$ cat final-v9.cif   # mmCIF, C-alpha atoms
data_my_file
loop_
_atom_site.label_atom_id
_atom_site.label_comp_id
_atom_site.auth_asym_id
_atom_site.auth_seq_id
_atom_site.Cartn_x
_atom_site.Cartn_y
_atom_site.Cartn_z
CA MET H 1 59.11 73.23 9.30
CA LYS H 2 61.17 70.11 8.79
CA ASN H 3 60.03 68.87 12.20
CA TYR H 4 56.37 69.23 11.15
CA ILE H 5 57.07 67.32 7.95
CA ARG H 6 58.81 64.54 9.87
CA LEU H 7 55.88 64.36 12.36
CA ALA H 8 53.30 64.18 9.58
CA ALA H 9 55.26 61.45 7.85
CA PHE H 10 55.49 59.49 11.09
CA ILE H 11 51.72 59.75 11.71
CA LEU H 12 50.99 58.72 8.13
CA SER H 13 53.26 55.67 8.50
CA VAL H 14 51.45 54.59 11.69
CA ILE H 15 48.05 54.91 9.99
CA MET H 16 49.21 52.80 7.05
CA LEU H 17 50.58 50.09 9.35
CA LEU H 18 47.33 49.92 11.35
CA SER H 19 45.23 49.70 8.15
CA ALA H 20 47.39 46.90 6.80
CA ALA H 21 47.06 44.99 10.07
CA ALA H 22 43.27 45.38 10.03
CA CYS H 23 43.02 44.17 6.45
CA GLY H 24 45.15 41.18 7.23
CA LYS H 25 42.92 40.23 10.14
CA LYS H 26 39.78 40.40 7.99
CA GLN H 27 41.38 38.24 5.34
CA GLU H 28 42.26 35.64 7.95
CA GLU H 29 38.59 35.48 9.06
CA VAL H 30 37.32 34.68 5.54
CA PRO H 31 37.83 30.94 4.79
CA GLU H 32 39.46 30.07 1.55
CA ASN H 33 37.06 28.78 -1.11
CA THR H 34 38.09 25.17 -1.76
CA GLY H 35 35.66 24.73 -4.63
CA ASN H 36 33.28 22.51 -2.61
CA GLU H 37 31.03 25.32 -1.36
CA THR H 38 28.02 26.63 -3.26
CA GLN H 39 28.64 30.20 -4.42
CA ASN H 40 26.12 32.92 -3.48
CA GLU H 41 24.06 30.49 -1.37
CA PRO H 42 21.09 32.32 0.23
CA MET H 43 21.30 32.86 3.97
CA GLY H 44 19.64 30.12 6.05
CA GLU H 45 19.70 27.43 3.37
CA THR H 46 21.71 24.23 3.58
CA ASN H 47 22.77 21.48 1.25
CA ILE H 48 22.47 18.83 3.99
CA GLU H 49 19.61 16.44 3.19
CA LEU H 50 17.89 15.35 6.39
CA GLU H 51 17.19 11.63 6.72
CA GLN H 52 13.50 10.71 7.11
CA ILE H 53 12.87 9.40 10.61
CA LEU H 54 10.49 6.42 10.57
CA PRO H 55 8.65 4.97 13.56
CA GLU H 56 10.09 1.76 14.92
CA HIS H 57 7.00 -0.21 13.89
CA LEU H 58 4.47 0.33 11.09
CA ASN H 59 1.01 -1.13 10.56
CA PRO H 60 1.24 -2.82 7.13
CA LEU H 61 -2.49 -2.27 6.47
CA THR H 62 -2.47 1.49 7.10
CA GLY H 63 1.19 2.46 6.79
CA LEU H 64 0.88 4.29 10.13
CA GLU H 65 2.79 3.83 13.36
CA ALA H 66 2.07 0.64 15.29
CA GLU H 67 2.79 -0.30 18.89
CA GLY H 68 4.43 -3.61 18.04
CA GLU H 69 6.00 -5.60 15.21
CA LEU H 70 3.30 -6.36 12.60
CA GLU H 71 5.27 -6.53 9.36
CA GLY H 72 5.02 -10.00 7.86
CA LYS H 73 2.26 -11.04 10.27
CA ARG H 74 -1.11 -12.40 9.11
CA PRO H 75 -4.09 -10.15 9.84
CA VAL H 76 -7.53 -11.26 11.04
CA SER H 77 -10.76 -10.77 9.07
CA VAL H 78 -14.21 -10.75 10.69
CA MET H 79 -17.62 -11.10 9.02
CA LEU H 80 -19.78 -8.22 10.26
CA ASN H 81 -23.53 -7.82 10.16
CA ASN H 82 -24.67 -4.68 8.33
CA ILE H 83 -28.43 -5.08 8.16
CA HIS H 84 -30.20 -1.99 9.45
CA GLU H 85 -31.95 -3.83 12.30
CA ALA H 86 -28.58 -4.98 13.72
CA LEU H 87 -26.90 -1.57 13.94
CA PRO H 88 -24.73 -0.29 15.41
CA GLN H 89 -21.80 -2.62 15.03
CA VAL H 90 -19.22 -2.71 17.83
CA GLY H 91 -15.43 -2.62 17.36
CA ILE H 92 -15.74 -1.82 13.66
CA SER H 93 -13.70 1.39 13.94
CA GLY H 94 -10.75 -0.78 14.97
CA ALA H 95 -10.58 -2.37 11.50
CA ASP H 96 -7.73 -1.15 9.30
CA VAL H 97 -9.42 -2.17 6.04
CA LEU H 98 -13.15 -2.74 5.48
CA PHE H 99 -14.89 -4.47 2.58
CA GLU H 100 -18.57 -4.06 1.72
CA CYS H 101 -20.41 -6.27 -0.74
CA LEU H 102 -23.96 -7.29 -1.52
CA ALA H 103 -25.50 -10.35 0.05
CA GLU H 104 -28.87 -11.78 -0.90
CA GLY H 105 -31.95 -9.56 -0.73
CA SER H 106 -30.11 -6.29 -1.57
CA ILE H 107 -28.52 -6.12 1.89
CA THR H 108 -24.77 -5.87 2.40
CA ARG H 109 -22.31 -7.45 4.79
CA LEU H 110 -18.91 -6.16 5.81
CA LEU H 111 -15.56 -7.81 6.25
CA GLY H 112 -13.27 -6.04 8.70
CA VAL H 113 -9.53 -6.70 8.39
CA PHE H 114 -7.48 -6.09 11.55
CA ALA H 115 -3.67 -6.08 11.56
CA ASP H 116 -3.86 -6.91 15.26
CA PRO H 117 -7.25 -7.24 17.01
CA THR H 118 -5.71 -7.81 20.47
CA ASP H 119 -6.76 -4.47 21.95
CA VAL H 120 -9.91 -3.87 19.89
CA GLY H 121 -12.21 -5.27 22.58
CA VAL H 122 -15.73 -6.44 21.71
CA ILE H 123 -16.38 -7.06 17.99
CA GLY H 124 -19.76 -7.77 16.40
CA SER H 125 -22.32 -8.63 15.59
CA ILE H 126 -20.82 -11.48 13.58
CA ARG H 127 -22.61 -13.08 10.66
CA SER H 128 -22.30 -16.04 8.33
CA SER H 129 -19.92 -16.67 5.48
CA ARG H 130 -20.36 -16.53 1.71
CA PRO H 131 -17.73 -17.82 -0.75
CA TYR H 132 -16.71 -14.42 -2.10
CA TYR H 133 -16.02 -13.11 1.40
CA LEU H 134 -13.45 -15.89 1.64
CA ASP H 135 -11.94 -14.39 -1.50
CA PHE H 136 -11.74 -10.95 0.14
CA ALA H 137 -10.05 -12.40 3.23
CA GLN H 138 -7.52 -14.20 1.01
CA MET H 139 -6.64 -10.88 -0.67
CA PHE H 140 -4.94 -10.03 2.65
CA ASP H 141 -4.06 -13.62 3.64
CA ALA H 142 -6.20 -13.19 6.75
CA VAL H 143 -7.50 -15.72 9.26
CA TYR H 144 -11.28 -15.78 8.74
CA VAL H 145 -13.79 -15.30 11.61
CA HIS H 146 -17.49 -15.99 11.00
CA ALA H 147 -20.68 -17.42 12.51
CA GLY H 148 -21.98 -20.11 10.20
CA GLY H 149 -22.22 -19.93 6.44
CA SER H 150 -23.84 -21.22 3.29
CA GLU H 151 -23.09 -24.81 2.31
CA ASP H 152 -21.01 -23.51 -0.59
CA ALA H 153 -18.97 -21.43 1.84
CA TYR H 154 -18.36 -24.40 4.14
CA SER H 155 -17.42 -26.53 1.15
CA GLN H 156 -14.85 -23.96 0.03
CA ILE H 157 -13.47 -23.47 3.53
CA ALA H 158 -12.67 -27.19 3.52
CA SER H 159 -11.42 -27.52 -0.06
CA ARG H 160 -9.29 -24.36 0.10
CA ASN H 161 -8.00 -25.18 3.57
CA ILE H 162 -9.04 -21.78 4.94
CA ASP H 163 -7.86 -21.03 8.48
CA HIS H 164 -11.15 -20.03 10.11
CA ILE H 165 -12.85 -19.53 13.46
CA ASP H 166 -16.56 -20.40 13.43
CA GLY H 167 -19.15 -19.44 16.02
CA VAL H 168 -21.71 -22.01 14.87
CA ARG H 169 -20.06 -25.31 14.01
CA GLY H 170 -16.92 -24.69 16.03
CA GLY H 171 -13.59 -26.26 15.37
CA GLY H 172 -10.68 -26.26 17.79
CA ASP H 173 -11.57 -23.91 20.63
CA SER H 174 -13.75 -21.69 18.42
CA LEU H 175 -17.12 -21.95 20.18
CA GLY H 176 -15.73 -20.82 23.50
CA ILE H 177 -14.82 -17.33 22.29
CA PHE H 178 -18.30 -16.33 21.04
CA TYR H 179 -21.28 -15.20 23.10
CA ARG H 180 -24.76 -13.72 22.74
CA ASP H 181 -25.07 -10.09 23.78
CA GLN H 182 -27.84 -9.97 26.40
CA GLU H 183 -28.76 -6.34 25.73
CA ARG H 184 -29.14 -6.99 22.01
CA LEU H 185 -31.35 -9.98 22.72
CA LYS H 186 -33.90 -7.60 24.25
CA THR H 187 -34.46 -5.74 20.98
CA MET H 188 -32.96 -7.85 18.18
CA ASN H 189 -33.44 -11.24 16.64
CA LEU H 190 -31.02 -13.96 17.74
CA GLU H 191 -28.95 -13.86 14.53
CA HIS H 192 -27.96 -10.23 15.23
CA THR H 193 -26.48 -10.83 18.69
CA MET H 194 -23.31 -12.93 18.32
CA MET H 195 -20.15 -11.18 19.54
CA THR H 196 -16.53 -11.95 20.35
CA GLN H 197 -13.45 -10.11 21.58
CA GLY H 198 -10.20 -9.38 19.79
CA GLU H 199 -7.96 -10.96 22.39
CA ASN H 200 -10.03 -14.15 22.24
CA ILE H 201 -9.49 -14.37 18.49
CA VAL H 202 -5.73 -14.08 19.00
CA TYR H 203 -5.88 -16.79 21.68
CA THR H 204 -7.77 -19.14 19.34
CA ILE H 205 -5.32 -18.61 16.48
CA GLU H 206 -2.48 -19.59 18.81
CA ASN H 207 -4.42 -22.52 20.28
CA ASN H 208 -5.34 -23.87 16.83
CA LYS H 209 -1.72 -23.42 15.73
CA TYR H 210 -2.71 -21.49 12.64
CA ARG H 211 0.04 -20.01 10.51
CA THR H 212 0.88 -16.53 11.76
CA GLU H 213 3.28 -15.42 9.01
CA LEU H 214 2.14 -14.19 5.59
CA ARG H 215 2.11 -16.82 2.86
CA GLU H 216 5.09 -17.11 0.55
CA GLY H 217 4.78 -14.77 -2.40
CA PHE H 218 2.10 -12.59 -0.77
CA GLU H 219 1.87 -8.96 -1.91
CA TYR H 220 -0.48 -6.26 -0.64
CA PRO H 221 -2.87 -4.86 -3.26
CA PHE H 222 -1.38 -1.36 -3.10
CA GLU H 223 1.67 0.60 -1.97
CA PHE H 224 1.80 3.50 0.47
CA ALA H 225 3.13 6.99 -0.10
CA ALA H 226 6.48 7.85 1.51
CA TYR H 227 6.15 8.30 5.25
CA GLY H 228 5.17 11.85 6.14
CA GLU H 229 4.15 12.63 2.56
CA SER H 230 0.89 12.46 0.61
CA VAL H 231 0.09 11.71 -3.01
CA LYS H 232 -2.42 13.42 -5.22
CA VAL H 233 -4.41 10.58 -6.73
CA GLY H 234 -5.92 12.58 -9.59
CA ASP H 235 -7.17 15.93 -10.83
CA ASP H 236 -10.92 15.34 -10.62
CA SER H 237 -12.80 16.51 -7.55
CA ALA H 238 -14.41 14.03 -5.13
CA THR H 239 -15.80 15.99 -2.17
CA HIS H 240 -19.01 14.01 -1.59
CA VAL H 241 -19.07 10.53 -3.08
CA TYR H 242 -22.48 8.89 -3.43
CA ILE H 243 -22.64 5.14 -4.15
CA PRO H 244 -26.11 3.57 -4.62
CA ILE H 245 -25.04 0.00 -3.88
CA SER H 246 -28.65 -1.20 -3.99
CA SER H 247 -32.16 0.13 -3.47
CA TYR H 248 -31.71 -0.82 0.21
CA GLN H 249 -28.18 0.46 0.80
CA LEU H 250 -27.23 3.99 -0.28
CA VAL H 251 -23.75 5.07 0.83
CA ASP H 252 -22.07 8.49 1.10
CA TYR H 253 -18.46 9.49 1.79
CA VAL H 254 -18.05 13.15 2.70
CA TYR H 255 -14.62 14.75 2.58
CA ASP H 256 -13.35 16.77 5.53
CA GLU H 257 -10.86 19.25 4.10
CA GLU H 258 -9.23 20.01 7.45
CA ALA H 259 -8.79 16.40 8.60
CA LYS H 260 -8.24 15.14 5.02
CA ILE H 261 -10.45 12.08 5.56
CA TYR H 262 -13.82 10.83 4.35
CA TYR H 263 -16.66 10.31 6.81
CA ARG H 264 -18.98 7.43 5.96
CA TYR H 265 -22.77 7.55 5.86
CA GLN H 266 -25.10 4.68 4.94
CA TYR H 267 -28.78 3.87 4.64
CA ASN H 268 -29.53 7.07 2.77
CA GLY H 269 -27.69 9.64 4.84
CA LYS H 270 -27.27 8.18 8.33
CA LYS H 271 -23.89 8.38 10.04
CA HIS H 272 -22.12 5.02 10.19
CA ILE H 273 -21.31 4.73 13.89
CA ASP H 274 -19.29 2.32 16.01
CA GLY H 275 -21.58 1.62 18.96
CA GLY H 276 -18.63 0.77 21.17
CA ASN H 277 -17.09 4.25 21.17
CA GLY H 278 -19.66 6.42 19.38
CA GLU H 279 -17.24 7.33 16.59
CA GLN H 280 -18.35 7.88 13.01
CA LEU H 281 -16.33 5.71 10.64
CA SER H 282 -13.75 7.63 8.61
CA PHE H 283 -11.19 6.67 5.99
CA LYS H 284 -8.15 8.11 4.28
CA ASN H 285 -8.78 6.08 1.12
CA VAL H 286 -11.98 4.88 -0.51
CA ILE H 287 -11.68 2.27 -3.26
CA VAL H 288 -14.47 1.13 -5.56
CA LEU H 289 -14.04 -2.13 -7.48
CA PHE H 290 -16.59 -3.36 -10.00
CA CYS H 291 -17.11 -7.14 -10.00
CA GLU H 292 -19.67 -9.15 -11.96
CA THR H 293 -22.47 -10.19 -9.60
CA ALA H 294 -25.42 -12.52 -10.21
CA PRO H 295 -27.80 -14.74 -8.18
CA TYR H 296 -27.23 -18.46 -8.55
CA ASP H 297 -29.84 -20.28 -6.41
CA THR H 298 -33.47 -20.08 -5.30
CA TYR H 299 -32.50 -18.26 -2.09
CA GLY H 300 -31.03 -15.40 -4.10
CA ARG H 301 -27.49 -16.09 -2.99
CA LEU H 302 -24.92 -14.38 -5.16
CA LYS H 303 -21.87 -15.29 -7.15
CA VAL H 304 -19.34 -12.46 -7.18
CA THR H 305 -16.46 -12.77 -9.65
CA THR H 306 -13.19 -11.87 -7.92
CA THR H 307 -10.75 -13.20 -10.52
CA GLY H 308 -9.82 -11.93 -13.97
CA THR H 309 -9.76 -8.18 -14.53
CA GLY H 310 -11.98 -5.21 -13.90
CA ASN H 311 -12.06 -1.48 -13.28
CA GLY H 312 -12.79 0.85 -10.40
CA TYR H 313 -11.86 4.10 -8.68
CA LEU H 314 -9.37 5.33 -6.10
CA ILE H 315 -10.61 8.24 -3.97
CA SER H 316 -8.40 10.18 -1.54
CA GLU H 317 -7.84 13.71 -0.27
CA GLY H 318 -10.71 15.21 -2.25
CA LYS H 319 -9.75 13.72 -5.63
CA TYR H 320 -10.35 10.53 -7.60
CA LYS H 321 -9.02 8.60 -10.55
CA ALA H 322 -9.88 5.47 -12.52
CA ILE H 323 -7.97 2.29 -11.67
CA ASN H 324 -7.90 -1.36 -12.75
CA TRP H 325 -7.82 -4.58 -10.78
CA SER H 326 -6.55 -8.05 -11.67
CA ARG H 327 -6.36 -11.40 -9.92
CA ASP H 328 -5.37 -14.77 -11.33
CA ASP H 329 -6.64 -17.04 -8.57
CA ILE H 330 -9.27 -16.91 -5.80
CA ASP H 331 -6.55 -17.51 -3.24
CA GLY H 332 -3.99 -15.27 -4.93
CA ASN H 333 -2.90 -11.66 -4.78
CA LEU H 334 -5.13 -8.77 -5.80
CA THR H 335 -3.27 -6.17 -7.86
CA LEU H 336 -4.52 -2.60 -8.28
CA THR H 337 -2.98 -0.51 -11.05
CA ASP H 338 -3.35 2.90 -12.63
CA ALA H 339 -3.89 3.78 -16.29
CA ASN H 340 -0.19 3.19 -16.98
CA GLY H 341 -0.24 -0.30 -15.49
CA GLU H 342 1.73 0.76 -12.41
CA ARG H 343 0.66 -0.39 -8.94
CA ILE H 344 -1.36 2.34 -7.30
CA VAL H 345 0.12 4.34 -4.43
CA VAL H 346 -2.31 5.30 -1.68
CA ASN H 347 -2.07 7.69 1.24
CA ARG H 348 -1.33 6.29 4.66
CA GLY H 349 -4.43 5.59 6.72
CA LYS H 350 -7.50 3.35 6.81
CA THR H 351 -9.09 2.13 3.58
CA PHE H 352 -12.66 1.17 2.68
CA ILE H 353 -13.09 -1.14 -0.32
CA ASN H 354 -16.53 -1.11 -1.95
CA ILE H 355 -17.24 -4.17 -4.12
CA CYS H 356 -19.98 -3.04 -6.49
CA THR H 357 -21.93 -4.41 -9.41
CA PRO H 358 -20.90 -2.85 -12.74
CA TYR H 359 -24.42 -1.64 -13.53
CA ILE H 360 -24.28 1.07 -10.80
CA GLU H 361 -21.13 2.71 -12.17
CA GLU H 362 -23.05 5.36 -14.11
CA SER H 363 -25.04 6.24 -10.97
CA ILE H 364 -22.02 7.05 -8.78
CA GLU H 365 -21.59 10.75 -8.05
CA PHE H 366 -18.32 12.29 -6.88
CA ASN H 367 -19.67 15.71 -5.88
CA ALA H 368 -23.21 15.02 -4.68
CA THR H 369 -23.49 18.25 -2.72
CA ASP H 370 -27.30 18.22 -2.85
CA ARG H 371 -27.56 14.98 -0.85
CA ALA H 372 -29.29 15.37 2.52
CA LEU H 373 -27.32 13.83 5.40
CA ALA H 374 -27.88 13.41 9.13
CA GLU H 375 -26.36 16.07 11.39
#
$ encode --input "final-v9.cif" --output "structure tokens"
Amino acid sequence: MKNYIRLAAFILSVIMLLSAAACGKKQEEVPENTGNETQNEPMGETNIELEQILPEHLNPLTGLEAEGELEGKRPVSVMLNNIHEALPQVGISGADVLFECLAEGSITRLLGVFADPTDVGVIGSIRSSRPYYLDFAQMFDAVYVHAGGSEDAYSQIASRNIDHIDGVRGGGDSLGIFYRDQERLKTMNLEHTMMTQGENIVYTIENNKYRTELREGFEYPFEFAAYGESVKVGDDSATHVYIPISSYQLVDYVYDEEAKIYYRYQYNGKKHIDGGNGEQLSFKNVIVLFCETAPYDTYGRLKVTTTGTGNGYLISEGKYKAINWSRDDIDGNLTLTDANGERIVVNRGKTFINICTPYIEESIEFNATDRALAE
């Protein structure tokens, strides 16, 4: 009996030793809490904040990736024909920012702003200058490309020392980079046929020794959202924006929810197409600015006030909000602010800026779903 008791005690001792060894091993595997770890942290989560990876180069006009260094470089602006008989334009989809404003006779002209037109190819057709289009170009400190102009425009080009490339009166090597499109001449009047190429513009800027860096003190009109992120511009819906610029030019921007861009239509529901590649123009941001506009001569030429203050709208990602604009000088910076006086932040992508007369503000619709558009 004593032997059985001794055997049982021995077995019990072995079991206790093995259990103690196992517990010790488990304790060694659990790291000591130093006080720096988060207690009860859910599985799979981490406190390490990943650094945002930015592209090497950004386009300062769109905030998107660029192939080369463009920051601090002057862009190029090109006067573009927009009369119905001269459509389609060519190379217009290569513009990073586009302006539209009335010219005489209820028609509009466009000003395309290109961060780098080198690889755009053919651009046109190119039309003549008006003084307020010089103002728009100066809002981005851009070299100005045009084909002729009103006498007031030429006077201001000289007095304001505007760096320009002219397809009518020349200057430097300007005349050599423009040509008449032979196919257009078959169906269009002469004034709708003048074209150029992006690489030729760049060559002329270098040949004329124009300044290629942005002017001292220059600031872009708006800021971009953080890279890879988007901002909600407002709470009010803007799915189909209708802007009756004039009785001749009725414009629509239709929001694509999947692509998160606005497709542009003009001339009462027709797709706005780049004839060079067949693409319909589309934009991440649509801006409307109201500027006082009035005729000032017997030809019906207009004076558009681009200094002082005014109001407008910012439209992006299916929403819109009211904004304000201010500008102290016709060659100075344009500043766009929200209701709190802070510079507006826009989403990264191309922007269309509509310069409109104040009297059409009440006629703008932000959800014009009953508008008939071309398929």
$ residues_around --input "final-v9.cif" --residues "Leu289 (chain H)" --least-positions-apart "3" --cutoff "10 Å" --atoms "only C-alpha atoms" --output "PyMOL selection string"
chain H and resi 306+310-314+323-325+336+353-358+361
$ resolve_selection --input "final-v9.cif" --expression "the PyMOL selection byres ((chain H and resi 359) around 12)" --output "list in words"
Ile243, Pro244, Ile245, Ser246, Phe290, Cys291, Glu292, Thr293, Ala294, Cys356, Thr357, Pro358, Ile360, Glu361, Glu362, Ser363 and Ile364 of chain H
$ resolve_selection --input "final-v9.cif" --expression "the PyMOL selection byres ((chain H and resi 192) around 9)" --output "NGL selection string"
:H and (81 or 83 or 85-87 or 124-127 or 180 or 184-185 or 188-191 or 193-195)
$ atom_distance --input "final-v9.cif" --atom1 "CA of Asn207 (chain H)" --atom2 "CA of Ile157 (chain H)"
19.1 Å
$ atom_distance --input "final-v9.cif" --atom1 "CA of Asp252 (chain H)" --atom2 "CA of Asn82 (chain H)"
15.2 Å
$ build_atoms --input "final-v9.cif" --residues "region 281-312 of chain H" --atoms "N, CA and C atoms" --output "PDB file, in the coordinates of the input"
ATOM      1  N   LEU H 281     -17.417   6.326  11.401  1.00  0.00           N
ATOM      2  CA  LEU H 281     -16.330   5.710  10.640  1.00  0.00           C
ATOM      3  C   LEU H 281     -15.752   6.725   9.655  1.00  0.00           C
ATOM      4  N   SER H 282     -14.426   6.722   9.540  1.00  0.00           N
ATOM      5  CA  SER H 282     -13.750   7.630   8.610  1.00  0.00           C
ATOM      6  C   SER H 282     -12.570   6.916   7.987  1.00  0.00           C
ATOM      7  N   PHE H 283     -12.210   7.368   6.768  1.00  0.00           N
ATOM      8  CA  PHE H 283     -11.190   6.670   5.990  1.00  0.00           C
ATOM      9  C   PHE H 283     -10.344   7.656   5.204  1.00  0.00           C
ATOM     10  N   LYS H 284      -9.062   7.308   5.086  1.00  0.00           N
ATOM     11  CA  LYS H 284      -8.150   8.110   4.280  1.00  0.00           C
ATOM     12  C   LYS H 284      -8.358   7.806   2.797  1.00  0.00           C
ATOM     13  N   ASN H 285      -8.614   6.522   2.508  1.00  0.00           N
ATOM     14  CA  ASN H 285      -8.780   6.080   1.120  1.00  0.00           C
ATOM     15  C   ASN H 285     -10.110   5.356   0.965  1.00  0.00           C
ATOM     16  N   VAL H 286     -10.776   5.621  -0.134  1.00  0.00           N
ATOM     17  CA  VAL H 286     -11.980   4.880  -0.510  1.00  0.00           C
ATOM     18  C   VAL H 286     -11.721   4.278  -1.890  1.00  0.00           C
ATOM     19  N   ILE H 287     -11.912   2.968  -1.990  1.00  0.00           N
ATOM     20  CA  ILE H 287     -11.680   2.270  -3.260  1.00  0.00           C
ATOM     21  C   ILE H 287     -12.988   1.622  -3.698  1.00  0.00           C
ATOM     22  N   VAL H 288     -13.309   1.778  -4.961  1.00  0.00           N
ATOM     23  CA  VAL H 288     -14.470   1.130  -5.560  1.00  0.00           C
ATOM     24  C   VAL H 288     -13.978   0.140  -6.606  1.00  0.00           C
ATOM     25  N   LEU H 289     -14.392  -1.116  -6.492  1.00  0.00           N
ATOM     26  CA  LEU H 289     -14.040  -2.130  -7.480  1.00  0.00           C
ATOM     27  C   LEU H 289     -15.325  -2.731  -8.041  1.00  0.00           C
ATOM     28  N   PHE H 290     -15.406  -2.793  -9.348  1.00  0.00           N
ATOM     29  CA  PHE H 290     -16.590  -3.360 -10.000  1.00  0.00           C
ATOM     30  C   PHE H 290     -16.338  -4.825 -10.327  1.00  0.00           C
ATOM     31  N   CYS H 291     -17.224  -5.691  -9.796  1.00  0.00           N
ATOM     32  CA  CYS H 291     -17.110  -7.140 -10.000  1.00  0.00           C
ATOM     33  C   CYS H 291     -18.465  -7.680 -10.465  1.00  0.00           C
ATOM     34  N   GLU H 292     -18.429  -8.545 -11.457  1.00  0.00           N
ATOM     35  CA  GLU H 292     -19.670  -9.150 -11.960  1.00  0.00           C
ATOM     36  C   GLU H 292     -20.373  -9.895 -10.833  1.00  0.00           C
ATOM     37  N   THR H 293     -21.678  -9.632 -10.691  1.00  0.00           N
ATOM     38  CA  THR H 293     -22.470 -10.190  -9.600  1.00  0.00           C
ATOM     39  C   THR H 293     -23.786 -10.708 -10.145  1.00  0.00           C
ATOM     40  N   ALA H 294     -24.158 -11.929  -9.721  1.00  0.00           N
ATOM     41  CA  ALA H 294     -25.420 -12.520 -10.210  1.00  0.00           C
ATOM     42  C   ALA H 294     -25.918 -13.566  -9.220  1.00  0.00           C
ATOM     43  N   PRO H 295     -27.262 -13.676  -9.041  1.00  0.00           N
ATOM     44  CA  PRO H 295     -27.800 -14.740  -8.180  1.00  0.00           C
ATOM     45  C   PRO H 295     -27.608 -16.098  -8.835  1.00  0.00           C
ATOM     46  N   TYR H 296     -27.468 -17.148  -7.975  1.00  0.00           N
ATOM     47  CA  TYR H 296     -27.230 -18.460  -8.550  1.00  0.00           C
ATOM     48  C   TYR H 296     -28.097 -19.558  -7.945  1.00  0.00           C
ATOM     49  N   ASP H 297     -28.950 -19.242  -6.941  1.00  0.00           N
ATOM     50  CA  ASP H 297     -29.840 -20.280  -6.410  1.00  0.00           C
ATOM     51  C   ASP H 297     -31.190 -19.672  -6.054  1.00  0.00           C
ATOM     52  N   THR H 298     -32.101 -20.520  -5.585  1.00  0.00           N
ATOM     53  CA  THR H 298     -33.470 -20.080  -5.300  1.00  0.00           C
ATOM     54  C   THR H 298     -33.545 -19.165  -4.080  1.00  0.00           C
ATOM     55  N   TYR H 299     -32.523 -19.150  -3.253  1.00  0.00           N
ATOM     56  CA  TYR H 299     -32.500 -18.260  -2.090  1.00  0.00           C
ATOM     57  C   TYR H 299     -31.990 -16.862  -2.460  1.00  0.00           C
ATOM     58  N   GLY H 300     -31.570 -16.686  -3.685  1.00  0.00           N
ATOM     59  CA  GLY H 300     -31.030 -15.400  -4.100  1.00  0.00           C
ATOM     60  C   GLY H 300     -29.595 -15.180  -3.726  1.00  0.00           C
ATOM     61  N   ARG H 301     -28.913 -16.233  -3.301  1.00  0.00           N
ATOM     62  CA  ARG H 301     -27.490 -16.090  -2.990  1.00  0.00           C
ATOM     63  C   ARG H 301     -26.723 -15.702  -4.244  1.00  0.00           C
ATOM     64  N   LEU H 302     -25.617 -15.000  -4.036  1.00  0.00           N
ATOM     65  CA  LEU H 302     -24.920 -14.380  -5.160  1.00  0.00           C
ATOM     66  C   LEU H 302     -23.593 -15.054  -5.464  1.00  0.00           C
ATOM     67  N   LYS H 303     -23.226 -14.975  -6.721  1.00  0.00           N
ATOM     68  CA  LYS H 303     -21.870 -15.290  -7.150  1.00  0.00           C
ATOM     69  C   LYS H 303     -21.212 -13.980  -7.537  1.00  0.00           C
ATOM     70  N   VAL H 304     -20.086 -13.679  -6.896  1.00  0.00           N
ATOM     71  CA  VAL H 304     -19.340 -12.460  -7.180  1.00  0.00           C
ATOM     72  C   VAL H 304     -17.988 -12.875  -7.768  1.00  0.00           C
ATOM     73  N   THR H 305     -17.694 -12.394  -8.955  1.00  0.00           N
ATOM     74  CA  THR H 305     -16.460 -12.770  -9.650  1.00  0.00           C
ATOM     75  C   THR H 305     -15.298 -11.935  -9.143  1.00  0.00           C
ATOM     76  N   THR H 306     -14.337 -12.596  -8.507  1.00  0.00           N
ATOM     77  CA  THR H 306     -13.190 -11.870  -7.920  1.00  0.00           C
ATOM     78  C   THR H 306     -11.884 -12.222  -8.610  1.00  0.00           C
ATOM     79  N   THR H 307     -11.952 -12.911  -9.740  1.00  0.00           N
ATOM     80  CA  THR H 307     -10.750 -13.200 -10.520  1.00  0.00           C
ATOM     81  C   THR H 307     -10.908 -12.609 -11.920  1.00  0.00           C
ATOM     82  N   GLY H 308      -9.798 -12.549 -12.645  1.00  0.00           N
ATOM     83  CA  GLY H 308      -9.820 -11.930 -13.970  1.00  0.00           C
ATOM     84  C   GLY H 308      -9.383 -10.488 -13.852  1.00  0.00           C
ATOM     85  N   THR H 309     -10.098  -9.607 -14.546  1.00  0.00           N
ATOM     86  CA  THR H 309      -9.760  -8.180 -14.530  1.00  0.00           C
ATOM     87  C   THR H 309     -11.024  -7.349 -14.418  1.00  0.00           C
ATOM     88  N   GLY H 310     -10.861  -6.132 -14.010  1.00  0.00           N
ATOM     89  CA  GLY H 310     -11.980  -5.210 -13.900  1.00  0.00           C
ATOM     90  C   GLY H 310     -11.481  -3.790 -13.666  1.00  0.00           C
ATOM     91  N   ASN H 311     -12.405  -2.891 -13.479  1.00  0.00           N
ATOM     92  CA  ASN H 311     -12.060  -1.480 -13.280  1.00  0.00           C
ATOM     93  C   ASN H 311     -12.626  -0.979 -11.964  1.00  0.00           C
ATOM     94  N   GLY H 312     -12.297   0.259 -11.632  1.00  0.00           N
ATOM     95  CA  GLY H 312     -12.790   0.850 -10.400  1.00  0.00           C
ATOM     96  C   GLY H 312     -12.279   2.263 -10.234  1.00  0.00           C
TER      97      GLY H 312
END
